[in-house]
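Below is one structure, written out as structure tokens, with a few remarks after it.
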Amino acid sequence: MRRILTLCAFVTVFSALALAETWTGKLVDATCADQQQQSATSCNPTSATTMFAIVAGGKTYKLDDAGNTKAMDALKGRADRAADPNAPAAGGQISAKVTGTKQGDNTLKVDSIEVQ
């Protein structure tokens, strides 16, 4: 019985990972993107940003709460901001690779995020 439950747990985990997708694009401030619907790409995140979105393939996807936390941590850990985490990104733009699943039309449930 224990082996069957263990096998079912592994199958469930790997099935969930198989459904994950990847989006690569520009990380933006989601609040700003909501206000400037047409030009979300001009909404660079700052150290005060708490809600993030990614612009990928011409569409803006908001990150879930866990994704917002992961994005904040990733931004603070970037190499070019290690000396001063409050400094703006070089060039203002931040590229990111988000892995997760889509919820609805424009929200991503984030499994992982890499900020480049």
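Residues are named by chain letter and number: chains run A, B, ... in the order of the structure tokens, numbers start at 1 in each chain, and ligands are numbered from 1 in the order shown.
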Got a sec: who's within 10 Å of Asp29 (chain A), counting only C-alpha atoms, leaving out chain neighbours fewer than 4 positions off, as a list in words?
Ala33, Asp34, Ala40, Thr41, Ser42, Cys43, Asn44, Pro45, Thr46, Ala48, Thr49, Thr50, Met51, Phe52, Ala53, Ile54 and Lys62 of chain A
Could the residues in this selection be saved with all heavy atoms as a short mmCIF file (atom, residue, chain, number, x, y, z; two decimals), in the first residue's frame?
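Full text of part.cif as output:
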data_model
loop_
_atom_site.label_atom_id
_atom_site.label_comp_id
_atom_site.auth_asym_id
_atom_site.auth_seq_id
_atom_site.Cartn_x
_atom_site.Cartn_y
_atom_site.Cartn_z
N ALA A 33 1.52 48.85 -15.33
CA ALA A 33 1.03 48.23 -16.57
C ALA A 33 -0.49 48.31 -16.65
O ALA A 33 -1.05 48.50 -17.74
CB ALA A 33 1.49 46.78 -16.65
N ASP A 34 -1.19 48.20 -15.51
CA ASP A 34 -2.65 48.33 -15.50
C ASP A 34 -3.07 49.74 -15.91
O ASP A 34 -4.06 49.92 -16.61
CB ASP A 34 -3.22 48.03 -14.11
CG ASP A 34 -3.31 46.54 -13.83
OD1 ASP A 34 -3.21 45.74 -14.79
OD2 ASP A 34 -3.47 46.19 -12.65
N ALA A 40 2.84 49.02 -21.66
CA ALA A 40 3.30 48.38 -20.42
C ALA A 40 4.81 48.22 -20.39
O ALA A 40 5.40 48.12 -19.32
CB ALA A 40 2.63 47.03 -20.26
N THR A 41 5.45 48.22 -21.55
CA THR A 41 6.89 48.03 -21.58
C THR A 41 7.66 49.20 -20.99
O THR A 41 8.85 49.08 -20.72
CB THR A 41 7.38 47.78 -23.03
OG1 THR A 41 6.96 48.87 -23.85
CG2 THR A 41 6.83 46.48 -23.57
N SER A 42 7.03 50.33 -20.74
CA SER A 42 7.71 51.47 -20.13
C SER A 42 7.61 51.46 -18.61
O SER A 42 8.03 52.39 -17.95
CB SER A 42 7.14 52.78 -20.67
OG SER A 42 5.79 52.92 -20.27
N CYS A 43 7.07 50.40 -18.03
CA CYS A 43 6.84 50.30 -16.58
C CYS A 43 7.94 49.50 -15.90
O CYS A 43 7.70 48.39 -15.42
CB CYS A 43 5.48 49.68 -16.32
SG CYS A 43 4.10 50.66 -16.91
N ASN A 44 9.13 50.03 -15.86
CA ASN A 44 10.25 49.32 -15.24
C ASN A 44 10.04 49.19 -13.74
O ASN A 44 9.64 50.15 -13.08
CB ASN A 44 11.56 50.05 -15.52
CG ASN A 44 11.88 50.09 -16.99
OD1 ASN A 44 11.65 49.12 -17.69
ND2 ASN A 44 12.39 51.21 -17.45
N PRO A 45 10.32 48.01 -13.17
CA PRO A 45 10.16 47.83 -11.73
C PRO A 45 11.23 48.58 -10.94
O PRO A 45 12.35 48.77 -11.42
CB PRO A 45 10.29 46.32 -11.54
CG PRO A 45 11.03 45.84 -12.73
CD PRO A 45 10.74 46.79 -13.84
N THR A 46 10.87 49.00 -9.74
CA THR A 46 11.80 49.68 -8.85
C THR A 46 11.90 48.87 -7.56
O THR A 46 11.25 47.84 -7.42
CB THR A 46 11.29 51.10 -8.51
OG1 THR A 46 10.07 50.98 -7.78
CG2 THR A 46 11.06 51.92 -9.77
N ALA A 48 10.59 49.59 -4.89
CA ALA A 48 9.30 49.70 -4.21
C ALA A 48 8.21 48.85 -4.86
O ALA A 48 7.11 48.76 -4.33
CB ALA A 48 8.86 51.16 -4.18
N THR A 49 8.51 48.22 -5.98
CA THR A 49 7.51 47.42 -6.70
C THR A 49 7.16 46.18 -5.89
O THR A 49 8.04 45.46 -5.42
CB THR A 49 8.05 47.01 -8.08
OG1 THR A 49 8.37 48.18 -8.81
CG2 THR A 49 7.02 46.19 -8.84
N THR A 50 5.85 45.92 -5.74
CA THR A 50 5.40 44.74 -5.02
C THR A 50 4.56 43.81 -5.90
O THR A 50 4.36 42.66 -5.54
CB THR A 50 4.56 45.13 -3.79
OG1 THR A 50 3.46 45.93 -4.21
CG2 THR A 50 5.40 45.88 -2.77
N MET A 51 4.07 44.32 -7.02
CA MET A 51 3.28 43.50 -7.94
C MET A 51 3.95 43.55 -9.31
O MET A 51 4.18 44.62 -9.85
CB MET A 51 1.85 44.01 -8.02
CG MET A 51 1.09 43.85 -6.72
SD MET A 51 -0.59 44.50 -6.79
CE MET A 51 -1.29 43.48 -8.06
N PHE A 52 4.25 42.37 -9.84
CA PHE A 52 5.00 42.27 -11.09
C PHE A 52 4.17 41.62 -12.18
O PHE A 52 3.20 40.91 -11.92
CB PHE A 52 6.27 41.43 -10.87
CG PHE A 52 7.24 42.06 -9.93
CD1 PHE A 52 7.15 41.83 -8.56
CD2 PHE A 52 8.24 42.89 -10.38
CE1 PHE A 52 8.05 42.40 -7.68
CE2 PHE A 52 9.14 43.46 -9.52
CZ PHE A 52 9.04 43.22 -8.15
N ALA A 53 4.59 41.87 -13.41
CA ALA A 53 4.01 41.23 -14.59
C ALA A 53 5.16 40.99 -15.56
O ALA A 53 6.23 41.57 -15.43
CB ALA A 53 2.95 42.12 -15.22
N ILE A 54 4.92 40.12 -16.53
CA ILE A 54 5.91 39.88 -17.57
C ILE A 54 5.25 40.12 -18.91
O ILE A 54 4.11 39.72 -19.13
CB ILE A 54 6.52 38.46 -17.48
CG1 ILE A 54 7.65 38.31 -18.49
CG2 ILE A 54 5.48 37.39 -17.63
CD1 ILE A 54 8.54 37.11 -18.24
N LYS A 62 0.22 38.90 -15.43
CA LYS A 62 0.50 39.23 -14.04
C LYS A 62 0.99 37.98 -13.31
O LYS A 62 0.58 36.86 -13.63
CB LYS A 62 -0.76 39.74 -13.34
CG LYS A 62 -1.23 41.06 -13.85
CD LYS A 62 -2.45 41.50 -13.07
CE LYS A 62 -3.00 42.80 -13.62
NZ LYS A 62 -4.19 43.24 -12.88
#
Please provide the set of residues having any atom within 12 Å of Gly104 (chain A), restricted to only C-alpha atoms, with same-chain residues fewer than 3 positions apart removed, written as a short mmCIF file (atom, residue, chain, number, x, y, z; two decimals) with N, CA, C and O atoms, in the first residue's frame.
data_model
loop_
_atom_site.label_atom_id
_atom_site.label_comp_id
_atom_site.auth_asym_id
_atom_site.auth_seq_id
_atom_site.Cartn_x
_atom_site.Cartn_y
_atom_site.Cartn_z
N TYR A 61 1.27 39.38 -18.68
CA TYR A 61 0.80 38.38 -17.73
C TYR A 61 1.19 38.81 -16.33
O TYR A 61 2.36 39.04 -16.04
N LYS A 62 0.22 38.90 -15.43
CA LYS A 62 0.50 39.23 -14.04
C LYS A 62 0.99 37.98 -13.31
O LYS A 62 0.58 36.86 -13.63
N LEU A 63 1.86 38.18 -12.31
CA LEU A 63 2.35 37.08 -11.51
C LEU A 63 1.46 36.90 -10.28
O LEU A 63 0.91 37.89 -9.76
N ASP A 64 1.32 35.68 -9.80
CA ASP A 64 0.55 35.43 -8.59
C ASP A 64 1.33 35.93 -7.37
O ASP A 64 2.45 36.43 -7.50
N THR A 101 2.38 27.88 -14.58
CA THR A 101 1.16 27.54 -15.31
C THR A 101 0.27 28.77 -15.41
O THR A 101 0.28 29.63 -14.54
N THR A 107 -2.96 35.64 -15.85
CA THR A 107 -2.26 35.44 -14.58
C THR A 107 -1.42 34.18 -14.66
O THR A 107 -1.86 33.16 -15.19
N LEU A 108 -0.20 34.25 -14.10
CA LEU A 108 0.68 33.10 -14.09
C LEU A 108 0.91 32.64 -12.65
O LEU A 108 1.20 33.46 -11.78
N LYS A 109 0.76 31.35 -12.42
CA LYS A 109 1.13 30.74 -11.15
C LYS A 109 2.59 30.34 -11.30
O LYS A 109 2.92 29.43 -12.05
#
As an exercise, work out the distance from CA of Gly57 (chain A) to CA of Lys26 (chain A) in Å and give it to one decimal place.
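According to the coordinates, CA of Gly57 (chain A) and CA of Lys26 (chain A) are separated by 9.9 Å.
Here CA of Ala20 (chain A) is placed at a distance of 20.5 Å from CA of Leu7 (chain A).
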Expressed in Å to a single decimal, how great is the separation between CA of Gly67 (chain A) and CA of Val110 (chain A)?
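CA of Val110 (chain A) lies at a distance of 4.9 Å from CA of Gly67 (chain A).
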